[in-house]
$ cat start.tsv   # TSV, C-alpha atoms
chain	number	residue	atom	x	y	z
A	76	MET	CA	-35.86	-5.05	-33.45
A	77	ILE	CA	-37.56	-3.64	-30.33
A	78	ASN	CA	-35.56	-0.82	-28.75
A	79	PHE	CA	-34.88	-0.80	-25.02
A	80	LEU	CA	-37.46	1.92	-24.23
A	81	THR	CA	-40.20	-0.12	-25.86
A	82	LYS	CA	-39.10	-3.11	-23.79
A	83	ILE	CA	-39.45	-0.95	-20.69
A	84	LEU	CA	-43.05	-0.13	-21.63
A	85	LEU	CA	-43.89	-3.76	-22.19
A	86	TYR	CA	-42.53	-4.68	-18.77
A	87	PHE	CA	-43.76	-1.80	-16.62
A	88	GLY	CA	-46.71	-0.37	-18.47
A	89	ILE	CA	-49.52	-2.73	-17.51
A	90	GLY	CA	-52.01	-2.53	-14.67
A	91	LEU	CA	-50.95	0.74	-13.02
A	92	ALA	CA	-53.41	3.53	-12.34
A	93	PRO	CA	-52.73	7.10	-13.52
A	94	LEU	CA	-51.32	9.38	-10.84
A	95	PHE	CA	-52.26	12.85	-11.96
A	96	ILE	CA	-55.61	14.27	-10.92
A	97	THR	CA	-56.91	17.58	-12.20
A	98	GLY	CA	-59.37	20.00	-10.64
A	99	GLN	CA	-57.64	20.24	-7.26
A	100	THR	CA	-55.84	23.32	-5.97
A	101	ASN	CA	-53.35	21.56	-3.67
A	102	GLU	CA	-50.61	20.40	-6.00
A	103	ILE	CA	-46.91	19.72	-6.13
A	104	GLN	CA	-45.83	21.16	-9.46
A	105	ILE	CA	-42.80	19.58	-11.14
A	106	LYS	CA	-40.99	21.13	-14.11
A	107	PHE	CA	-38.47	19.12	-16.13
A	108	ILE	CA	-35.41	21.26	-16.91
A	109	GLY	CA	-33.09	18.69	-18.49
A	110	ASN	CA	-31.11	15.51	-17.72
A	111	CYS	CA	-32.10	14.78	-14.08
A	112	GLY	CA	-32.77	18.46	-13.43
A	113	LEU	CA	-36.16	19.19	-11.88
A	114	TYR	CA	-37.87	22.17	-10.27
A	115	MET	CA	-40.54	21.27	-7.70
A	116	THR	CA	-42.83	23.55	-5.71
A	117	ASP	CA	-46.02	23.50	-3.70
A	118	GLY	CA	-46.18	27.30	-3.93
A	119	THR	CA	-44.32	27.77	-0.66
A	120	THR	CA	-41.25	25.52	-0.74
A	121	HIS	CA	-39.04	25.58	-3.84
A	122	LEU	CA	-36.76	22.62	-4.61
A	123	TYR	CA	-34.24	22.15	-7.42
A	124	VAL	CA	-32.91	18.65	-8.05
A	125	ASP	CA	-29.61	18.14	-9.93
A	126	PHE	CA	-29.76	21.73	-11.14
A	127	PRO	CA	-27.97	23.92	-12.01
A	128	TYR	CA	-25.70	21.71	-14.07
A	129	LYS	CA	-23.31	22.51	-16.93
A	130	SER	CA	-25.46	22.95	-20.00
A	131	GLY	CA	-24.67	20.35	-22.67
A	132	ALA	CA	-22.17	18.42	-20.54
A	133	TYR	CA	-21.26	14.98	-21.98
A	134	ASN	CA	-23.58	15.66	-24.95
A	135	TYR	CA	-26.66	15.59	-22.72
A	136	MET	CA	-29.29	18.33	-22.69
A	137	GLU	CA	-28.60	22.03	-22.98
A	138	TYR	CA	-30.93	24.65	-21.49
A	139	GLU	CA	-31.64	28.35	-21.92
A	140	ASN	CA	-29.93	30.92	-19.67
A	141	GLU	CA	-33.33	32.01	-18.40
A	142	GLU	CA	-33.53	28.78	-16.38
A	143	ILE	CA	-30.73	30.14	-14.20
A	144	GLU	CA	-32.28	33.60	-14.10
A	145	GLN	CA	-35.60	32.15	-12.90
A	146	ILE	CA	-34.18	30.28	-9.89
A	147	LYS	CA	-36.18	31.22	-6.81
A	148	GLU	CA	-34.63	32.98	-3.84
A	149	ASP	CA	-34.15	30.85	-0.72
A	150	ALA	CA	-34.67	27.65	-2.69
A	151	ILE	CA	-33.45	24.22	-1.63
A	152	PHE	CA	-30.90	22.56	-3.92
A	153	LEU	CA	-30.46	18.78	-3.91
A	154	PHE	CA	-27.81	16.87	-5.85
A	155	THR	CA	-27.29	13.16	-6.40
A	156	HIS	CA	-23.58	13.61	-7.22
A	157	LYS	CA	-21.09	16.10	-8.64
A	158	HIS	CA	-20.74	15.11	-12.29
A	159	ALA	CA	-21.09	18.10	-14.60
A	160	ASP	CA	-24.34	16.96	-16.20
A	161	HIS	CA	-25.91	17.10	-12.71
A	162	TYR	CA	-23.99	19.79	-10.82
A	163	SER	CA	-22.09	23.04	-11.39
A	164	ASN	CA	-20.43	24.68	-8.42
A	165	LYS	CA	-19.78	27.79	-10.52
A	166	LEU	CA	-23.46	28.24	-11.35
A	167	LEU	CA	-24.68	27.24	-7.88
A	168	LYS	CA	-22.34	29.44	-5.88
A	169	PRO	CA	-24.22	32.79	-6.27
A	170	PHE	CA	-27.43	31.40	-4.77
A	171	GLU	CA	-28.13	31.68	-1.03
A	172	GLY	CA	-30.48	28.74	-0.65
A	173	GLU	CA	-29.78	25.55	1.28
A	174	LYS	CA	-27.59	23.11	-0.66
A	175	TYR	CA	-27.46	19.36	-0.11
A	176	GLY	CA	-25.58	16.54	-1.77
A	177	PRO	CA	-23.19	13.66	-1.03
A	178	TRP	CA	-21.03	16.05	0.97
A	179	ASN	CA	-23.66	16.77	3.68
A	180	VAL	CA	-26.60	14.35	3.41
A	181	GLU	CA	-26.65	13.96	7.20
A	182	GLU	CA	-28.03	17.51	7.40
A	183	LEU	CA	-31.20	16.51	5.52
A	184	GLU	CA	-32.70	15.21	8.77
A	185	GLU	CA	-32.58	18.73	10.18
A	186	LEU	CA	-34.18	20.11	7.02
A	187	GLY	CA	-37.21	17.89	7.59
A	188	SER	CA	-37.71	19.35	11.05
A	189	LYS	CA	-37.74	22.90	9.68
A	190	THR	CA	-40.03	22.56	6.66
A	191	LEU	CA	-43.70	21.64	7.05
A	192	ASP	CA	-44.82	18.38	5.41
A	193	PHE	CA	-41.46	17.98	3.68
A	194	GLN	CA	-38.72	15.41	4.19
A	195	ILE	CA	-35.84	14.08	2.09
A	196	GLU	CA	-34.41	10.64	2.83
A	197	PRO	CA	-31.00	9.82	1.30
A	198	PHE	CA	-29.88	6.38	0.13
A	199	ARG	CA	-26.27	5.63	-0.79
A	200	THR	CA	-26.34	4.06	-4.26
A	201	GLU	CA	-23.67	2.81	-6.63
A	202	HIS	CA	-22.44	4.89	-9.56
A	203	LYS	CA	-19.46	3.63	-11.53
A	204	VAL	CA	-17.86	5.09	-14.65
A	205	TYR	CA	-15.17	3.03	-16.38
A	206	GLY	CA	-14.82	0.95	-13.22
A	207	ILE	CA	-14.34	3.96	-10.94
A	208	SER	CA	-16.89	4.42	-8.12
A	209	PHE	CA	-18.23	7.90	-7.36
A	210	LYS	CA	-20.06	9.04	-4.25
A	211	HIS	CA	-23.72	9.06	-5.21
A	212	TYR	CA	-27.09	9.23	-3.44
A	213	SER	CA	-30.64	8.53	-4.52
A	214	TYR	CA	-33.49	10.10	-2.57
A	215	VAL	CA	-37.09	9.72	-1.51
A	216	ILE	CA	-38.95	12.99	-1.00
A	217	THR	CA	-42.05	12.80	1.20
A	218	TRP	CA	-44.11	15.94	0.63
A	219	HIS	CA	-47.70	16.47	1.77
A	220	GLY	CA	-47.95	12.71	2.16
A	221	LYS	CA	-46.74	12.01	-1.40
A	222	ARG	CA	-43.58	9.96	-1.99
A	223	ILE	CA	-41.25	10.76	-4.89
A	224	PHE	CA	-38.18	8.68	-5.74
A	225	LEU	CA	-35.13	10.15	-7.51
A	226	SER	CA	-32.63	7.67	-8.93
A	227	GLY	CA	-29.98	10.04	-10.27
A	228	ASP	CA	-27.33	8.15	-12.27
A	229	THR	CA	-27.40	4.83	-10.43
A	230	GLY	CA	-28.32	1.52	-11.99
A	231	ASP	CA	-28.41	-0.03	-8.51
A	232	VAL	CA	-31.86	-1.55	-7.85
A	233	GLU	CA	-31.36	-2.61	-4.23
A	234	VAL	CA	-32.98	0.54	-2.81
A	235	ILE	CA	-35.91	0.92	-5.18
A	236	LYS	CA	-37.01	-2.71	-4.91
A	237	SER	CA	-37.51	-2.32	-1.16
A	238	LEU	CA	-39.50	0.93	-1.28
A	239	LYS	CA	-43.27	0.87	-0.79
A	240	GLU	CA	-46.16	3.11	-1.78
A	241	LEU	CA	-44.32	5.49	-4.08
A	242	ASP	CA	-46.43	8.02	-5.95
A	243	LEU	CA	-43.83	8.90	-8.58
A	244	ALA	CA	-40.51	7.25	-9.41
A	245	PHE	CA	-37.99	9.16	-11.51
A	246	MET	CA	-35.54	6.70	-13.05
A	247	ASN	CA	-32.87	6.67	-15.70
A	248	PRO	CA	-33.17	4.12	-18.54
A	249	TRP	CA	-30.37	1.84	-17.33
A	250	MET	CA	-32.08	1.40	-13.96
A	251	PHE	CA	-35.23	0.39	-15.86
A	252	MET	CA	-33.28	-2.17	-17.83
A	253	ASN	CA	-31.70	-3.64	-14.70
A	254	LEU	CA	-35.15	-3.97	-13.12
A	255	GLN	CA	-36.43	-5.68	-16.22
A	256	ASN	CA	-33.49	-8.06	-16.46
A	257	GLU	CA	-33.95	-9.09	-12.82
A	258	ARG	CA	-37.76	-9.21	-13.11
A	259	ILE	CA	-38.20	-6.83	-10.18
A	260	PRO	CA	-41.56	-5.01	-9.83
A	261	VAL	CA	-41.70	-1.45	-8.50
A	262	GLU	CA	-44.44	-0.27	-6.18
A	263	THR	CA	-45.23	3.12	-7.71
A	264	LYS	CA	-48.23	4.81	-9.33
A	265	MET	CA	-46.20	6.60	-11.99
A	266	PHE	CA	-42.81	6.37	-13.69
A	267	GLY	CA	-40.83	9.34	-14.99
A	268	ILE	CA	-37.97	8.31	-17.27
A	269	TYR	CA	-35.35	11.04	-17.32
A	270	HIS	CA	-31.72	11.56	-18.34
A	271	LEU	CA	-32.39	10.81	-22.00
A	272	TYR	CA	-30.11	12.01	-24.78
A	273	PRO	CA	-31.55	14.83	-26.93
A	274	ASN	CA	-31.75	12.48	-29.94
A	275	GLU	CA	-33.18	9.53	-27.97
A	276	LYS	CA	-35.83	7.66	-29.98
A	277	LEU	CA	-39.04	7.18	-28.02
A	278	PRO	CA	-41.87	4.67	-28.49
A	279	GLU	CA	-44.87	5.98	-30.41
A	280	LYS	CA	-47.41	4.71	-27.89
A	281	VAL	CA	-46.87	5.42	-24.20
A	282	PRO	CA	-49.17	4.30	-21.34
A	283	SER	CA	-50.57	7.11	-19.23
A	284	ASN	CA	-48.61	5.94	-16.19
A	285	ILE	CA	-45.21	6.42	-17.86
A	286	VAL	CA	-43.77	9.82	-18.70
A	287	PHE	CA	-40.70	10.08	-20.93
A	288	LEU	CA	-38.99	13.32	-19.98
A	289	LYS	CA	-37.45	14.46	-23.22
A	290	GLU	CA	-39.47	17.63	-23.77
A	291	GLN	CA	-37.74	20.30	-21.66
A	292	GLY	CA	-40.12	22.51	-19.74
A	293	ARG	CA	-42.72	19.76	-19.45
A	294	LYS	CA	-44.79	20.11	-16.28
A	295	ILE	CA	-46.26	17.41	-14.07
A	296	SER	CA	-48.54	17.87	-11.09
A	297	ILE	CA	-49.30	15.66	-8.11
A	298	SER	CA	-52.47	16.53	-6.23
A	299	TYR	CA	-52.73	16.13	-2.47
A	300	GLU	CA	-55.44	16.68	0.11

$ encode --input "start.tsv" --output "structure tokens"
Amino acid sequence: MINFLTKILLYFGIGLAPLFITGQTNEIQIKFIGNCGLYMTDGTTHLYVDFPYKSGAYNYMEYENEEIEQIKEDAIFLFTHKHADHYSNKLLKPFEGEKYGPWNVEELEELGSKTLDFQIEPFRTEHKVYGISFKHYSYVITWHGKRIFLSGDTGDVEVIKSLKELDLAFMNPWMFMNLQNERIPVETKMFGIYHLYPNEKLPEKVPSNIVFLKEQGRKISISYE
């Protein structure tokens, strides 16, 4: 029996060019922390996505305390929603950086006017648990001309199917399955599948244009001119 991650590869893994280019100094560096938690930097701007969260919440990934200790001063924090495996007010509170989420997404427009070559566009997306809807946003980050999509916990495909010229699309597995079931292509150079359980079984062979983010601390780079 073919598991759902292998099905994803069969559907999305053909005919896409690799995104990552080495030998260039201008890069957006992305570190996978756990769940949907990411740290992104171009060396000047520091962005944390869905981090800090409560380590081990809902049996998802734990992380070492040093991840909190290493958070940069004056960073930007971006959250898709407030569930504990994505967000911890207790852990976030001590930090002075700018904080954005479903409670103040309208302020992201002002952020783009203050930070060079950096913009975050929010999209209201559906997130239901046991039939209860929660306020949730997906995002597109445009940074040095590169476009990065962040799904968060949504399985809603209405936003992603309309987006063009993405360089990297972070998606959870259930969004992938919905795209497959509806036969919807995605216009992106690279997929990053995140929010996997620690014991998630992965396919043995993975195309170069798909990254399964199970190894915490894994780093990805996107080169720009």

$ closest_residue --input "start.tsv" --among "A:Ser226, A:Thr200, A:Ser298, A:Thr116" --to "His270 in chain A" --atoms "all atoms listed in the file"
A:Ser226

$ closest_residue --input "start.tsv" --among "A:Asn164, A:Thr120, A:Asn284, A:Ser237" --to "Val261 in chain A" --atoms "only C-alpha atoms"
A:Ser237

$ atom_distance --input "start.tsv" --atom1 "CA of Ala159 in chain A" --atom2 "CA of Phe198 in chain A"
20.8 Å

$ residues_around --input "start.tsv" --residues "Lys157 in chain A" --least-positions-apart "5" --cutoff "10 Å" --atoms "all atoms listed in the file" --output "count of residues only"
11

$ closest_residue --input "start.tsv" --among "A:Glu240, A:Leu167, A:Ile216, A:Tyr269" --to "Asp228 in chain A" --atoms "all atoms listed in the file"
A:Tyr269

$ atom_distance --input "start.tsv" --atom1 "CA of Asp242 in chain A" --atom2 "CA of Val281 in chain A"
18.4 Å

$ axis_aligned_box --input "start.tsv" --around "range 185-189 of chain A" --padding-each-side "6 Å" --output "JSON"
{"center_x": -35.2, "center_y": 20.4, "center_z": 9.0, "size_x": 17.2, "size_y": 17.0, "size_z": 16.0}

$ atom_distance --input "start.tsv" --atom1 "CA of His121 in chain A" --atom2 "CA of Lys264 in chain A"
23.4 Å

$ residues_around --input "start.tsv" --residues "Tyr133 in chain A" --least-positions-apart "2" --cutoff "12 Å" --atoms "all atoms listed in the file" --output "PyMOL selection string"
chain A and resi 110+128-131+135-137+158-161+270-273

$ write_last_selection --input "start.tsv" --atoms "C-alpha atoms" --output "JSON list (two decimals), in the frame of the given file"
[["chain", "number", "residue", "atom", "x", "y", "z"],
["A", 110, "ASN", "CA", -31.11, 15.51, -17.72],
["A", 128, "TYR", "CA", -25.70, 21.71, -14.07],
["A", 129, "LYS", "CA", -23.31, 22.51, -16.93],
["A", 130, "SER", "CA", -25.46, 22.95, -20.00],
["A", 131, "GLY", "CA", -24.67, 20.35, -22.67],
["A", 135, "TYR", "CA", -26.66, 15.59, -22.72],
["A", 136, "MET", "CA", -29.29, 18.33, -22.69],
["A", 137, "GLU", "CA", -28.60, 22.03, -22.98],
["A", 158, "HIS", "CA", -20.74, 15.11, -12.29],
["A", 159, "ALA", "CA", -21.09, 18.10, -14.60],
["A", 160, "ASP", "CA", -24.34, 16.96, -16.20],
["A", 161, "HIS", "CA", -25.91, 17.10, -12.71],
["A", 270, "HIS", "CA", -31.72, 11.56, -18.34],
["A", 271, "LEU", "CA", -32.39, 10.81, -22.00],
["A", 272, "TYR", "CA", -30.11, 12.01, -24.78],
["A", 273, "PRO", "CA", -31.55, 14.83, -26.93]]

$ closest_residue --input "start.tsv" --among "A:Asn256, A:Phe154, A:Thr190, A:Glu275" --to "Leu225 in chain A" --atoms "only C-alpha atoms"
A:Phe154

$ closest_residue --input "start.tsv" --among "A:Gly187, A:Pro278, A:Pro260, A:Gly118" --to "Ile105 in chain A" --atoms "only C-alpha atoms"
A:Gly118

$ closest_residue --input "start.tsv" --among "A:Ile297, A:Leu183, A:Leu113, A:Met250" --to "Val234 in chain A" --atoms "all atoms listed in the file"
A:Met250

$ residues_around --input "start.tsv" --residues "Leu191 in chain A" --least-positions-apart "3" --cutoff "9 Å" --atoms "all atoms listed in the file" --output "MDAnalysis selection string"
chainID A and resid 187:188 194 218:219

$ write_last_selection --input "start.tsv" --atoms "C-alpha atoms" --output "tab-separated table (two decimals), in the frame of the given file"
chain	number	residue	atom	x	y	z
A	187	GLY	CA	-37.21	17.89	7.59
A	188	SER	CA	-37.71	19.35	11.05
A	194	GLN	CA	-38.72	15.41	4.19
A	218	TRP	CA	-44.11	15.94	0.63
A	219	HIS	CA	-47.70	16.47	1.77

$ residues_around --input "start.tsv" --residues "Gln104 in chain A" --least-positions-apart "3" --cutoff "8 Å" --atoms "only C-alpha atoms" --output "PDB file with C-alpha atoms, in the coordinates of the input"
ATOM      1  CA  MET A 115     -40.540  21.270  -7.700  1.00  0.00           C
ATOM      2  CA  THR A 116     -42.830  23.550  -5.710  1.00  0.00           C
ATOM      3  CA  ASP A 117     -46.020  23.500  -3.700  1.00  0.00           C
ATOM      4  CA  LYS A 294     -44.790  20.110 -16.280  1.00  0.00           C
ATOM      5  CA  ILE A 295     -46.260  17.410 -14.070  1.00  0.00           C
ATOM      6  CA  SER A 296     -48.540  17.870 -11.090  1.00  0.00           C
ATOM      7  CA  ILE A 297     -49.300  15.660  -8.110  1.00  0.00           C
TER       8      ILE A 297
END

$ build_atoms --input "start.tsv" --residues "range 151-173 of chain A" --atoms "N, CA, C and O atoms" --output "compact mmCIF listing (two decimals), in the frame of the given file"
# COMPACT_ATOMS: atom_id res chain seq x y z
N ILE A 151 -34.23 25.36 -2.09
CA ILE A 151 -33.45 24.22 -1.63
C ILE A 151 -32.86 23.55 -2.86
O ILE A 151 -33.56 23.34 -3.86
N PHE A 152 -31.57 23.23 -2.82
CA PHE A 152 -30.90 22.56 -3.92
C PHE A 152 -30.44 21.18 -3.47
O PHE A 152 -29.80 21.05 -2.44
N LEU A 153 -30.76 20.16 -4.26
CA LEU A 153 -30.46 18.78 -3.91
C LEU A 153 -29.74 18.12 -5.08
O LEU A 153 -30.23 18.17 -6.22
N PHE A 154 -28.60 17.49 -4.80
CA PHE A 154 -27.81 16.87 -5.85
C PHE A 154 -27.52 15.40 -5.53
O PHE A 154 -27.23 15.06 -4.39
N THR A 155 -27.60 14.58 -6.57
CA THR A 155 -27.29 13.16 -6.40
C THR A 155 -25.78 12.93 -6.37
O THR A 155 -25.29 12.05 -5.68
N HIS A 156 -25.04 13.71 -7.16
CA HIS A 156 -23.58 13.61 -7.22
C HIS A 156 -23.04 14.83 -7.97
O HIS A 156 -23.80 15.70 -8.39
N LYS A 157 -21.72 14.89 -8.14
CA LYS A 157 -21.09 16.10 -8.64
C LYS A 157 -20.65 16.04 -10.11
O LYS A 157 -19.90 16.91 -10.55
N HIS A 158 -21.10 15.10 -10.88
CA HIS A 158 -20.74 15.11 -12.29
C HIS A 158 -21.39 16.32 -12.98
O HIS A 158 -22.48 16.76 -12.62
N ALA A 159 -20.72 16.81 -14.01
CA ALA A 159 -21.09 18.10 -14.60
C ALA A 159 -22.47 18.13 -15.23
O ALA A 159 -23.08 19.20 -15.35
N ASP A 160 -22.99 16.97 -15.62
CA ASP A 160 -24.34 16.96 -16.20
C ASP A 160 -25.42 16.93 -15.12
O ASP A 160 -26.62 16.85 -15.43
N HIS A 161 -24.99 17.04 -13.85
CA HIS A 161 -25.91 17.10 -12.71
C HIS A 161 -25.63 18.29 -11.78
O HIS A 161 -26.51 18.67 -11.01
N TYR A 162 -24.43 18.83 -11.85
CA TYR A 162 -23.99 19.79 -10.82
C TYR A 162 -22.96 20.75 -11.41
O TYR A 162 -22.07 20.34 -12.16
N SER A 163 -23.10 22.03 -11.04
CA SER A 163 -22.09 23.04 -11.39
C SER A 163 -21.88 23.94 -10.18
O SER A 163 -22.78 24.72 -9.83
N ASN A 164 -20.73 23.82 -9.56
CA ASN A 164 -20.43 24.68 -8.42
C ASN A 164 -20.39 26.15 -8.83
O ASN A 164 -20.84 27.03 -8.10
N LYS A 165 -19.87 26.41 -10.02
CA LYS A 165 -19.78 27.79 -10.52
C LYS A 165 -21.16 28.43 -10.64
O LYS A 165 -21.35 29.59 -10.25
N LEU A 166 -22.11 27.69 -11.17
CA LEU A 166 -23.46 28.24 -11.35
C LEU A 166 -24.25 28.27 -10.04
O LEU A 166 -25.11 29.13 -9.84
N LEU A 167 -23.96 27.33 -9.15
CA LEU A 167 -24.68 27.24 -7.88
C LEU A 167 -24.22 28.29 -6.87
O LEU A 167 -25.03 28.79 -6.06
N LYS A 168 -22.98 28.62 -6.91
CA LYS A 168 -22.34 29.44 -5.88
C LYS A 168 -23.06 30.75 -5.59
O LYS A 168 -23.19 31.15 -4.42
N PRO A 169 -23.58 31.49 -6.57
CA PRO A 169 -24.22 32.79 -6.27
C PRO A 169 -25.51 32.69 -5.47
O PRO A 169 -25.96 33.71 -4.92
N PHE A 170 -26.11 31.52 -5.39
CA PHE A 170 -27.43 31.40 -4.77
C PHE A 170 -27.30 31.11 -3.28
O PHE A 170 -26.44 30.34 -2.84
N GLU A 171 -28.21 31.72 -2.50
CA GLU A 171 -28.13 31.68 -1.03
C GLU A 171 -28.90 30.52 -0.42
O GLU A 171 -28.85 30.32 0.78
N GLY A 172 -29.64 29.78 -1.21
CA GLY A 172 -30.48 28.74 -0.65
C GLY A 172 -29.70 27.60 -0.01
O GLY A 172 -28.46 27.55 -0.09
N GLU A 173 -30.41 26.70 0.63
CA GLU A 173 -29.78 25.55 1.28
C GLU A 173 -29.38 24.52 0.23
O GLU A 173 -30.16 24.21 -0.67
